[in-house]
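Coordinates as given in data.cif (mmCIF, N, CA and C atoms):
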```
data_entry
#
loop_
_atom_site.label_atom_id
_atom_site.label_comp_id
_atom_site.auth_asym_id
_atom_site.auth_seq_id
_atom_site.Cartn_x
_atom_site.Cartn_y
_atom_site.Cartn_z
N ARG Q 1 109.21 118.19 83.71
CA ARG Q 1 110.11 118.13 84.86
C ARG Q 1 109.77 116.92 85.72
N LEU Q 2 110.79 116.30 86.22
CA LEU Q 2 110.61 115.15 87.09
C LEU Q 2 111.22 115.48 88.44
N ARG Q 3 110.42 115.44 89.48
CA ARG Q 3 110.92 115.68 90.84
C ARG Q 3 110.97 114.36 91.57
N GLN Q 4 112.01 114.15 92.34
CA GLN Q 4 112.18 112.91 93.07
C GLN Q 4 112.06 113.18 94.57
N PHE Q 5 111.28 112.36 95.24
CA PHE Q 5 111.14 112.43 96.69
C PHE Q 5 111.52 111.07 97.24
N TYR Q 6 112.21 111.05 98.36
CA TYR Q 6 112.62 109.79 98.97
C TYR Q 6 112.04 109.69 100.38
N PHE Q 7 111.44 108.55 100.67
CA PHE Q 7 110.89 108.28 101.99
C PHE Q 7 111.58 107.03 102.52
N PHE Q 8 111.77 106.95 103.81
CA PHE Q 8 112.38 105.77 104.40
C PHE Q 8 111.30 104.92 105.03
N SER Q 9 111.41 103.64 104.83
CA SER Q 9 110.44 102.69 105.35
C SER Q 9 111.21 101.58 106.05
N ILE Q 10 110.78 101.22 107.27
CA ILE Q 10 111.42 100.10 107.95
C ILE Q 10 110.93 98.83 107.29
N SER Q 11 111.85 98.00 106.91
CA SER Q 11 111.53 96.76 106.23
C SER Q 11 112.36 95.65 106.84
N SER Q 12 111.91 94.41 106.68
CA SER Q 12 112.72 93.34 107.23
C SER Q 12 112.58 92.07 106.44
N SER Q 13 113.62 91.29 106.45
CA SER Q 13 113.54 89.89 106.12
C SER Q 13 114.01 89.27 107.42
N PHE Q 14 113.55 88.08 107.74
CA PHE Q 14 113.85 87.58 109.07
C PHE Q 14 115.28 87.13 109.23
N SER Q 15 116.09 87.18 108.19
CA SER Q 15 117.51 86.92 108.36
C SER Q 15 118.29 88.21 108.52
N ASN Q 16 117.71 89.32 108.12
CA ASN Q 16 118.43 90.59 108.23
C ASN Q 16 117.44 91.75 108.11
N MET Q 17 117.42 92.63 109.07
CA MET Q 17 116.53 93.78 109.00
C MET Q 17 117.29 94.97 108.45
N PHE Q 18 116.62 95.75 107.67
CA PHE Q 18 117.26 96.92 107.11
C PHE Q 18 116.21 97.91 106.65
N SER Q 19 116.64 99.15 106.44
CA SER Q 19 115.75 100.17 105.91
C SER Q 19 115.87 100.19 104.40
N ARG Q 20 114.76 100.32 103.76
CA ARG Q 20 114.77 100.42 102.31
C ARG Q 20 114.29 101.80 101.91
N VAL Q 21 114.84 102.29 100.86
CA VAL Q 21 114.40 103.58 100.35
C VAL Q 21 113.21 103.32 99.42
N VAL Q 22 112.17 104.02 99.68
CA VAL Q 22 110.99 103.93 98.84
C VAL Q 22 110.95 105.20 98.02
N GLN Q 23 110.94 105.04 96.75
CA GLN Q 23 111.04 106.19 95.85
C GLN Q 23 109.67 106.58 95.33
N CYS Q 24 109.41 107.84 95.41
CA CYS Q 24 108.16 108.38 94.91
C CYS Q 24 108.49 109.42 93.84
N SER Q 25 107.99 109.23 92.65
CA SER Q 25 108.25 110.18 91.57
C SER Q 25 106.99 110.99 91.31
N LEU Q 26 107.16 112.27 91.17
CA LEU Q 26 106.04 113.16 90.92
C LEU Q 26 106.31 113.92 89.62
N ARG Q 27 105.48 113.73 88.64
CA ARG Q 27 105.61 114.47 87.38
C ARG Q 27 104.64 115.64 87.48
N SER Q 28 105.19 116.82 87.75
CA SER Q 28 104.37 117.98 88.07
C SER Q 28 103.45 118.41 86.94
N GLN Q 29 103.89 118.38 85.68
CA GLN Q 29 103.04 118.83 84.58
C GLN Q 29 101.85 117.91 84.39
N ALA Q 30 102.06 116.62 84.48
CA ALA Q 30 100.96 115.67 84.28
C ALA Q 30 100.18 115.43 85.56
N ARG Q 31 100.71 115.92 86.67
CA ARG Q 31 100.11 115.74 87.99
C ARG Q 31 99.84 114.26 88.29
N MET Q 32 100.82 113.43 87.92
CA MET Q 32 100.71 112.00 88.17
C MET Q 32 101.70 111.60 89.25
N ILE Q 33 101.27 110.73 90.11
CA ILE Q 33 102.15 110.24 91.16
C ILE Q 33 102.31 108.74 90.97
N SER Q 34 103.54 108.29 90.93
CA SER Q 34 103.78 106.85 90.94
C SER Q 34 104.54 106.52 92.21
N PHE Q 35 104.11 105.50 92.89
CA PHE Q 35 104.67 105.15 94.19
C PHE Q 35 105.00 103.67 94.20
N THR Q 36 106.21 103.33 94.58
CA THR Q 36 106.63 101.94 94.66
C THR Q 36 107.00 101.61 96.09
N ALA Q 37 106.31 100.67 96.70
CA ALA Q 37 106.61 100.25 98.07
C ALA Q 37 107.21 98.85 98.04
N THR Q 38 108.19 98.61 98.88
CA THR Q 38 108.83 97.30 98.91
C THR Q 38 108.27 96.40 100.00
N ARG Q 39 107.51 96.93 100.94
CA ARG Q 39 107.03 96.13 102.06
C ARG Q 39 105.71 96.68 102.54
N LEU Q 40 104.73 95.80 102.71
CA LEU Q 40 103.42 96.23 103.17
C LEU Q 40 103.11 95.77 104.59
N ALA Q 41 103.85 94.78 105.11
CA ALA Q 41 103.57 94.28 106.45
C ALA Q 41 103.89 95.34 107.50
N PRO Q 42 103.01 95.54 108.46
CA PRO Q 42 103.25 96.58 109.47
C PRO Q 42 104.22 96.14 110.56
N VAL Q 43 104.80 97.12 111.20
CA VAL Q 43 105.59 96.90 112.41
C VAL Q 43 104.70 97.39 113.55
N TYR Q 44 104.44 96.53 114.52
CA TYR Q 44 103.58 96.88 115.65
C TYR Q 44 104.43 97.36 116.81
N TYR Q 45 103.91 98.34 117.56
CA TYR Q 45 104.58 98.87 118.74
C TYR Q 45 103.70 98.64 119.96
N ALA Q 46 104.29 98.11 121.02
CA ALA Q 46 103.56 97.89 122.27
C ALA Q 46 103.61 99.17 123.11
N LYS Q 47 102.69 99.29 124.04
CA LYS Q 47 102.68 100.45 124.94
C LYS Q 47 103.95 100.52 125.77
N SER Q 48 104.58 99.36 125.98
CA SER Q 48 105.82 99.31 126.76
C SER Q 48 107.05 99.54 125.88
N HIS Q 49 106.84 99.97 124.64
CA HIS Q 49 107.88 100.40 123.70
C HIS Q 49 108.73 99.29 123.10
N GLU Q 50 108.15 98.10 122.98
CA GLU Q 50 108.77 97.05 122.19
C GLU Q 50 108.14 97.10 120.81
N TRP Q 51 108.85 96.65 119.81
CA TRP Q 51 108.28 96.53 118.47
C TRP Q 51 108.34 95.08 118.03
N VAL Q 52 107.43 94.72 117.15
CA VAL Q 52 107.40 93.37 116.59
C VAL Q 52 107.04 93.47 115.11
N ASP Q 53 107.84 92.82 114.30
CA ASP Q 53 107.61 92.77 112.86
C ASP Q 53 107.21 91.34 112.54
N ILE Q 54 105.98 91.16 112.06
CA ILE Q 54 105.43 89.82 111.84
C ILE Q 54 105.36 89.52 110.36
N GLU Q 55 105.86 88.34 110.01
CA GLU Q 55 105.76 87.85 108.65
C GLU Q 55 105.38 86.38 108.73
N GLY Q 56 104.12 86.09 108.43
CA GLY Q 56 103.61 84.72 108.56
C GLY Q 56 103.57 84.31 110.01
N ASP Q 57 104.21 83.18 110.35
CA ASP Q 57 104.24 82.74 111.75
C ASP Q 57 105.57 83.07 112.42
N LYS Q 58 106.34 83.98 111.82
CA LYS Q 58 107.63 84.39 112.39
C LYS Q 58 107.57 85.87 112.77
N ALA Q 59 108.25 86.19 113.86
CA ALA Q 59 108.24 87.57 114.36
C ALA Q 59 109.63 87.97 114.84
N THR Q 60 110.02 89.19 114.51
CA THR Q 60 111.28 89.76 114.99
C THR Q 60 110.93 90.82 116.02
N LEU Q 61 111.61 90.80 117.18
CA LEU Q 61 111.29 91.72 118.27
C LEU Q 61 112.50 92.54 118.69
N GLY Q 62 112.23 93.75 119.17
CA GLY Q 62 113.26 94.63 119.68
C GLY Q 62 112.62 95.76 120.47
N ILE Q 63 113.42 96.76 120.83
CA ILE Q 63 112.87 97.91 121.55
C ILE Q 63 112.83 99.12 120.61
N SER Q 64 111.91 100.02 120.89
CA SER Q 64 111.73 101.19 120.04
C SER Q 64 112.86 102.19 120.22
N ASP Q 65 112.93 103.11 119.28
CA ASP Q 65 113.90 104.20 119.36
C ASP Q 65 113.67 105.03 120.62
N PHE Q 66 112.40 105.26 120.94
CA PHE Q 66 112.06 106.01 122.16
C PHE Q 66 112.60 105.31 123.40
N ALA Q 67 112.42 103.99 123.46
CA ALA Q 67 112.88 103.22 124.63
C ALA Q 67 114.40 103.30 124.80
N GLN Q 68 115.13 103.16 123.71
CA GLN Q 68 116.60 103.21 123.83
C GLN Q 68 117.07 104.59 124.25
N LYS Q 69 116.36 105.64 123.82
CA LYS Q 69 116.73 107.00 124.24
C LYS Q 69 116.48 107.18 125.74
N GLU Q 70 115.38 106.63 126.23
CA GLU Q 70 115.07 106.72 127.65
C GLU Q 70 116.05 105.93 128.50
N LEU Q 71 116.50 104.78 128.00
CA LEU Q 71 117.45 103.95 128.73
C LEU Q 71 118.84 104.58 128.80
N GLY Q 72 119.24 105.25 127.76
CA GLY Q 72 120.61 105.77 127.70
C GLY Q 72 121.52 104.72 127.09
N ASP Q 73 122.82 104.86 127.28
CA ASP Q 73 123.79 103.96 126.68
C ASP Q 73 123.64 102.53 127.20
N VAL Q 74 123.31 101.61 126.29
CA VAL Q 74 123.15 100.20 126.65
C VAL Q 74 124.53 99.56 126.77
N VAL Q 75 124.75 98.86 127.90
CA VAL Q 75 126.04 98.22 128.15
C VAL Q 75 125.97 96.70 128.16
N TYR Q 76 124.75 96.12 128.26
CA TYR Q 76 124.61 94.67 128.31
C TYR Q 76 123.18 94.29 127.95
N VAL Q 77 123.04 93.20 127.19
CA VAL Q 77 121.72 92.65 126.86
C VAL Q 77 121.73 91.18 127.26
N ASP Q 78 120.81 90.80 128.15
CA ASP Q 78 120.67 89.42 128.60
C ASP Q 78 119.69 88.73 127.66
N LEU Q 79 120.19 87.80 126.85
CA LEU Q 79 119.40 87.14 125.81
C LEU Q 79 118.92 85.76 126.26
N PRO Q 80 117.74 85.34 125.81
CA PRO Q 80 117.25 84.00 126.13
C PRO Q 80 117.95 82.96 125.25
N GLU Q 81 117.76 81.69 125.57
CA GLU Q 81 118.33 80.62 124.76
C GLU Q 81 117.39 80.26 123.62
N VAL Q 82 117.96 79.82 122.51
CA VAL Q 82 117.16 79.34 121.39
C VAL Q 82 116.35 78.14 121.87
N GLY Q 83 115.09 78.09 121.47
CA GLY Q 83 114.20 77.00 121.88
C GLY Q 83 113.30 77.35 123.06
N THR Q 84 113.58 78.46 123.75
CA THR Q 84 112.75 78.89 124.87
C THR Q 84 111.40 79.34 124.36
N GLN Q 85 110.33 78.94 125.05
CA GLN Q 85 108.98 79.34 124.66
C GLN Q 85 108.49 80.48 125.55
N PHE Q 86 107.79 81.43 124.93
CA PHE Q 86 107.24 82.57 125.66
C PHE Q 86 105.77 82.74 125.33
N THR Q 87 105.03 83.19 126.32
CA THR Q 87 103.63 83.56 126.11
C THR Q 87 103.58 85.07 125.93
N ALA Q 88 102.53 85.54 125.30
CA ALA Q 88 102.38 86.98 125.10
C ALA Q 88 102.35 87.69 126.45
N GLY Q 89 103.11 88.75 126.57
CA GLY Q 89 103.16 89.54 127.79
C GLY Q 89 104.27 89.15 128.76
N SER Q 90 105.03 88.09 128.43
CA SER Q 90 106.10 87.67 129.35
C SER Q 90 107.42 88.35 128.98
N ALA Q 91 108.29 88.50 129.99
CA ALA Q 91 109.61 89.10 129.78
C ALA Q 91 110.50 88.08 129.08
N PHE Q 92 111.18 88.52 128.02
CA PHE Q 92 112.05 87.59 127.29
C PHE Q 92 113.52 87.98 127.34
N ALA Q 93 113.83 89.20 127.77
CA ALA Q 93 115.22 89.65 127.84
C ALA Q 93 115.32 90.83 128.81
N ALA Q 94 116.54 91.18 129.14
CA ALA Q 94 116.79 92.36 129.98
C ALA Q 94 117.87 93.20 129.32
N VAL Q 95 117.69 94.50 129.41
CA VAL Q 95 118.64 95.45 128.85
C VAL Q 95 119.21 96.27 129.99
N GLU Q 96 120.53 96.28 130.12
CA GLU Q 96 121.20 97.06 131.16
C GLU Q 96 121.86 98.27 130.52
N SER Q 97 121.59 99.42 131.08
CA SER Q 97 122.18 100.66 130.56
C SER Q 97 122.90 101.37 131.70
N VAL Q 98 123.50 102.51 131.37
CA VAL Q 98 124.18 103.29 132.39
C VAL Q 98 123.17 103.86 133.40
N LYS Q 99 121.90 103.96 133.03
CA LYS Q 99 120.87 104.50 133.91
C LYS Q 99 120.13 103.44 134.72
N ALA Q 100 119.81 102.30 134.08
CA ALA Q 100 118.95 101.31 134.73
C ALA Q 100 119.00 99.98 133.99
N THR Q 101 118.36 98.99 134.59
CA THR Q 101 118.13 97.71 133.93
C THR Q 101 116.64 97.56 133.74
N ASP Q 102 116.24 97.17 132.54
CA ASP Q 102 114.82 97.06 132.24
C ASP Q 102 114.56 95.76 131.49
N GLU Q 103 113.41 95.14 131.77
CA GLU Q 103 113.03 93.93 131.06
C GLU Q 103 112.33 94.29 129.77
N ILE Q 104 112.43 93.38 128.80
CA ILE Q 104 111.74 93.54 127.53
C ILE Q 104 110.66 92.46 127.46
N TYR Q 105 109.45 92.87 127.08
CA TYR Q 105 108.30 91.96 127.06
C TYR Q 105 107.88 91.67 125.63
N THR Q 106 107.40 90.46 125.41
CA THR Q 106 106.95 90.09 124.08
C THR Q 106 105.43 90.27 123.95
N PRO Q 107 104.99 90.98 122.92
CA PRO Q 107 103.55 91.12 122.70
C PRO Q 107 102.93 89.92 121.99
N VAL Q 108 103.76 88.96 121.56
CA VAL Q 108 103.27 87.75 120.89
C VAL Q 108 103.87 86.51 121.55
N ALA Q 109 103.18 85.40 121.40
CA ALA Q 109 103.69 84.12 121.90
C ALA Q 109 104.53 83.46 120.83
N GLY Q 110 105.45 82.60 121.24
CA GLY Q 110 106.25 81.85 120.28
C GLY Q 110 107.48 81.23 120.90
N THR Q 111 108.23 80.54 120.07
CA THR Q 111 109.47 79.88 120.47
C THR Q 111 110.65 80.63 119.86
N VAL Q 112 111.68 80.85 120.66
CA VAL Q 112 112.86 81.58 120.17
C VAL Q 112 113.54 80.74 119.10
N GLU Q 113 113.60 81.31 117.90
CA GLU Q 113 114.24 80.66 116.77
C GLU Q 113 115.68 81.14 116.60
N GLU Q 114 115.89 82.42 116.96
CA GLU Q 114 117.22 83.02 116.79
C GLU Q 114 117.37 84.18 117.76
N VAL Q 115 118.58 84.38 118.26
CA VAL Q 115 118.89 85.55 119.09
C VAL Q 115 119.96 86.35 118.36
N ASN Q 116 119.98 87.64 118.59
CA ASN Q 116 120.98 88.51 117.96
C ASN Q 116 122.26 88.45 118.79
N THR Q 117 123.10 87.48 118.48
CA THR Q 117 124.33 87.26 119.25
C THR Q 117 125.31 88.43 119.12
N THR Q 118 125.14 89.25 118.10
CA THR Q 118 125.98 90.44 117.94
C THR Q 118 125.86 91.36 119.14
N LEU Q 119 124.70 91.35 119.80
CA LEU Q 119 124.49 92.22 120.96
C LEU Q 119 125.38 91.83 122.14
N GLY Q 120 125.89 90.61 122.16
CA GLY Q 120 126.82 90.19 123.22
C GLY Q 120 128.11 90.98 123.18
N ASP Q 121 128.62 91.21 121.96
CA ASP Q 121 129.85 91.97 121.78
C ASP Q 121 129.61 93.46 121.55
N GLU Q 122 128.44 93.79 121.00
CA GLU Q 122 128.12 95.17 120.66
C GLU Q 122 126.73 95.57 121.19
N PRO Q 123 126.55 95.64 122.50
CA PRO Q 123 125.23 96.01 123.03
C PRO Q 123 124.80 97.41 122.61
N GLU Q 124 125.78 98.26 122.27
CA GLU Q 124 125.46 99.62 121.83
C GLU Q 124 124.70 99.65 120.51
N LEU Q 125 124.62 98.51 119.82
CA LEU Q 125 123.84 98.40 118.59
C LEU Q 125 122.36 98.68 118.86
N VAL Q 126 121.91 98.39 120.08
CA VAL Q 126 120.53 98.70 120.46
C VAL Q 126 120.31 100.21 120.40
N ASN Q 127 121.32 101.01 120.75
CA ASN Q 127 121.22 102.46 120.66
C ASN Q 127 121.38 102.96 119.22
N LYS Q 128 122.31 102.38 118.50
CA LYS Q 128 122.61 102.85 117.15
C LYS Q 128 121.52 102.49 116.14
N GLU Q 129 120.99 101.27 116.24
CA GLU Q 129 120.01 100.77 115.28
C GLU Q 129 118.88 100.03 116.00
N PRO Q 130 118.11 100.71 116.85
CA PRO Q 130 117.12 100.02 117.67
C PRO Q 130 116.03 99.30 116.89
N GLU Q 131 115.68 99.79 115.73
CA GLU Q 131 114.57 99.19 114.98
C GLU Q 131 115.03 98.51 113.70
N SER Q 132 116.31 98.14 113.68
CA SER Q 132 116.83 97.38 112.54
C SER Q 132 117.89 96.41 113.03
N GLY Q 133 119.17 96.76 112.96
CA GLY Q 133 120.25 95.87 113.35
C GLY Q 133 120.30 95.54 114.83
N GLY Q 134 119.61 96.32 115.66
CA GLY Q 134 119.58 96.08 117.10
C GLY Q 134 118.42 95.21 117.55
N TRP Q 135 117.83 94.44 116.63
CA TRP Q 135 116.75 93.52 117.01
C TRP Q 135 117.28 92.56 118.08
N VAL Q 136 116.39 92.00 118.89
CA VAL Q 136 116.83 91.16 120.00
C VAL Q 136 116.60 89.68 119.73
N ILE Q 137 115.36 89.28 119.41
CA ILE Q 137 115.09 87.87 119.14
C ILE Q 137 114.15 87.72 117.95
N LYS Q 138 114.13 86.49 117.45
CA LYS Q 138 113.18 86.10 116.41
C LYS Q 138 112.40 84.90 116.94
N LEU Q 139 111.08 85.00 116.88
CA LEU Q 139 110.20 83.94 117.35
C LEU Q 139 109.54 83.24 116.17
N SER Q 140 109.19 81.98 116.37
CA SER Q 140 108.42 81.25 115.37
C SER Q 140 107.25 80.54 116.06
N GLY Q 141 106.28 80.16 115.27
CA GLY Q 141 105.13 79.42 115.79
C GLY Q 141 104.22 80.24 116.67
N GLY Q 142 104.27 81.55 116.51
CA GLY Q 142 103.45 82.44 117.35
C GLY Q 142 102.06 82.65 116.82
N SER Q 143 101.35 83.49 117.52
CA SER Q 143 99.96 83.79 117.18
C SER Q 143 99.84 84.65 115.94
N GLY Q 144 100.88 85.41 115.58
CA GLY Q 144 100.86 86.21 114.38
C GLY Q 144 100.30 87.59 114.54
N VAL Q 145 99.55 87.87 115.59
CA VAL Q 145 98.99 89.21 115.81
C VAL Q 145 99.33 89.62 117.24
N PRO Q 146 99.91 90.80 117.44
CA PRO Q 146 100.27 91.24 118.78
C PRO Q 146 99.06 91.33 119.71
N GLU Q 147 99.30 91.06 120.96
CA GLU Q 147 98.27 91.16 121.98
C GLU Q 147 97.72 92.58 122.00
N GLY Q 148 96.40 92.72 121.99
CA GLY Q 148 95.78 94.03 122.04
C GLY Q 148 95.53 94.63 120.68
N ARG Q 149 95.85 93.93 119.59
CA ARG Q 149 95.61 94.45 118.24
C ARG Q 149 94.36 93.87 117.67
#
```

For this file, write the structure as structure tokens.
Amino acid sequence: RLRQFYFFSISSSFSNMFSRVVQCSLRSQARMISFTATRLAPVYYAKSHEWVDIEGDKATLGISDFAQKELGDVVYVDLPEVGTQFTAGSAFAAVESVKATDEIYTPVAGTVEEVNTTLGDEPELVNKEPESGGWVIKLSGGSGVPEGR
């Protein structure tokens, strides 16, 4: 008998973030487990509920699922300009919701390489896909390890 188990793993390429299905097969009679993972790089979470996915000297940043739930329906995202430099711990964007406006802080230093312009027309994407399609910026030339790690 072959039993199939599916686990979801947050994965990213810096041009497009998406979830990948990681398949784990368990052969019960032989008691063998085979596991295939598509991504080993970790996603770091700051105490202030931002996440950063680091690959080499590039990092993708956004807010956590918990943060978007606390904010409520997002109605506007104030994005920085490409080329802006940030130090670790500085505010790089602001998110306005029906409840409040909150700044987003970067746990890593770097230069803005790309902003998620889709958030201009669809700010609700931060609520729908906070840790994938709702990413906010991509930095390059950073330290590679989040502050405090």

Write out as a count of residues only the residues lying within 7 Å of region 59-61 of chain Q, counting only N, CA and C atoms and excluding same-chain residues fewer than 5 positions away. 15

For the point (123.6, 95.6, 127.1) in the file's frame, write as a list in words all residues with an atom no more than 6 Å away, counting only C-alpha atoms. Val74, Val75, Tyr76, Val77, Val95, Glu96 and Pro123 of chain Q

Mind writing the picked residues with N, CA and C atoms as a PDB file, in the coordinates of the input?
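As a result, result.pdb now contains:
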```pdb
ATOM      1  N   VAL Q  74     123.310 101.610 126.290  1.00  0.00           N
ATOM      2  CA  VAL Q  74     123.150 100.200 126.650  1.00  0.00           C
ATOM      3  C   VAL Q  74     124.530  99.560 126.770  1.00  0.00           C
ATOM      4  N   VAL Q  75     124.750  98.860 127.900  1.00  0.00           N
ATOM      5  CA  VAL Q  75     126.040  98.220 128.150  1.00  0.00           C
ATOM      6  C   VAL Q  75     125.970  96.700 128.160  1.00  0.00           C
ATOM      7  N   TYR Q  76     124.750  96.120 128.260  1.00  0.00           N
ATOM      8  CA  TYR Q  76     124.610  94.670 128.310  1.00  0.00           C
ATOM      9  C   TYR Q  76     123.180  94.290 127.950  1.00  0.00           C
ATOM     10  N   VAL Q  77     123.040  93.200 127.190  1.00  0.00           N
ATOM     11  CA  VAL Q  77     121.720  92.650 126.860  1.00  0.00           C
ATOM     12  C   VAL Q  77     121.730  91.180 127.260  1.00  0.00           C
ATOM     13  N   VAL Q  95     117.690  94.500 129.410  1.00  0.00           N
ATOM     14  CA  VAL Q  95     118.640  95.450 128.850  1.00  0.00           C
ATOM     15  C   VAL Q  95     119.210  96.270 129.990  1.00  0.00           C
ATOM     16  N   GLU Q  96     120.530  96.280 130.120  1.00  0.00           N
ATOM     17  CA  GLU Q  96     121.200  97.060 131.160  1.00  0.00           C
ATOM     18  C   GLU Q  96     121.860  98.270 130.520  1.00  0.00           C
ATOM     19  N   PRO Q 123     126.550  95.640 122.500  1.00  0.00           N
ATOM     20  CA  PRO Q 123     125.230  96.010 123.030  1.00  0.00           C
ATOM     21  C   PRO Q 123     124.800  97.410 122.610  1.00  0.00           C
TER      22      PRO Q 123
END
```

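Proximity ranking of Q:Asp65, Q:Asp57, Q:Asp73, Q:Glu129 relative to Ala100 (chain Q) places Q:Asp73 first, based on all atoms listed in the file.
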
Explicit residue set for the PyMOL selection byres (((chain Q and resi 66 and name CA) around 12) and name CA), as a count of residues only: 22

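For region 85-126 of chain Q, backbone-based DSSP assignment of helix (DSSP H, G or I) covers Thr118, Leu119, Gly120, Asp121, Leu125 and Val126 of chain Q.
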
Based on the selection just made, write N, CA and C atoms of those residues as a short mmCIF file (atom, residue, chain, number, x, y, z; two decimals), in the coordinates of the input.
```
data_model
loop_
_atom_site.label_atom_id
_atom_site.label_comp_id
_atom_site.auth_asym_id
_atom_site.auth_seq_id
_atom_site.Cartn_x
_atom_site.Cartn_y
_atom_site.Cartn_z
N THR Q 118 125.14 89.25 118.10
CA THR Q 118 125.98 90.44 117.94
C THR Q 118 125.86 91.36 119.14
N LEU Q 119 124.70 91.35 119.80
CA LEU Q 119 124.49 92.22 120.96
C LEU Q 119 125.38 91.83 122.14
N GLY Q 120 125.89 90.61 122.16
CA GLY Q 120 126.82 90.19 123.22
C GLY Q 120 128.11 90.98 123.18
N ASP Q 121 128.62 91.21 121.96
CA ASP Q 121 129.85 91.97 121.78
C ASP Q 121 129.61 93.46 121.55
N LEU Q 125 124.62 98.51 119.82
CA LEU Q 125 123.84 98.40 118.59
C LEU Q 125 122.36 98.68 118.86
N VAL Q 126 121.91 98.39 120.08
CA VAL Q 126 120.53 98.70 120.46
C VAL Q 126 120.31 100.21 120.40
#
```

Of Q:Phe92, Q:Thr84, Q:Lys99, Q:Asp78, the one nearest to Leu119 (chain Q) when counting only N, CA and C atoms is Q:Asp78

So the first atom is atom N of Glu103 (chain Q) and the second is atom C of Lys58 (chain Q); what is the distance between them in Å, to one decimal place?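 Between atom N of Glu103 (chain Q) and atom C of Lys58 (chain Q) the gap works out to 21.9 Å.
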
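Each of Q:Ala93, Q:Ala88, Q:Val98, Q:Lys128 was compared to Gly110 (chain Q) using only N, CA and C atoms, and Q:Ala88 turns out to be the nearest.
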
Pairwise distance for atom N of Gly56 (chain Q) and atom C of Ala94 (chain Q), rounded to one decimal in Å: 26.0 Å

If you count only N, CA and C atoms, which residues fall within 8 Å of Ala91 (chain Q), apart from same-chain ones fewer than 6 positions away, as a PyMOL selection string? chain Q and resi 103-106
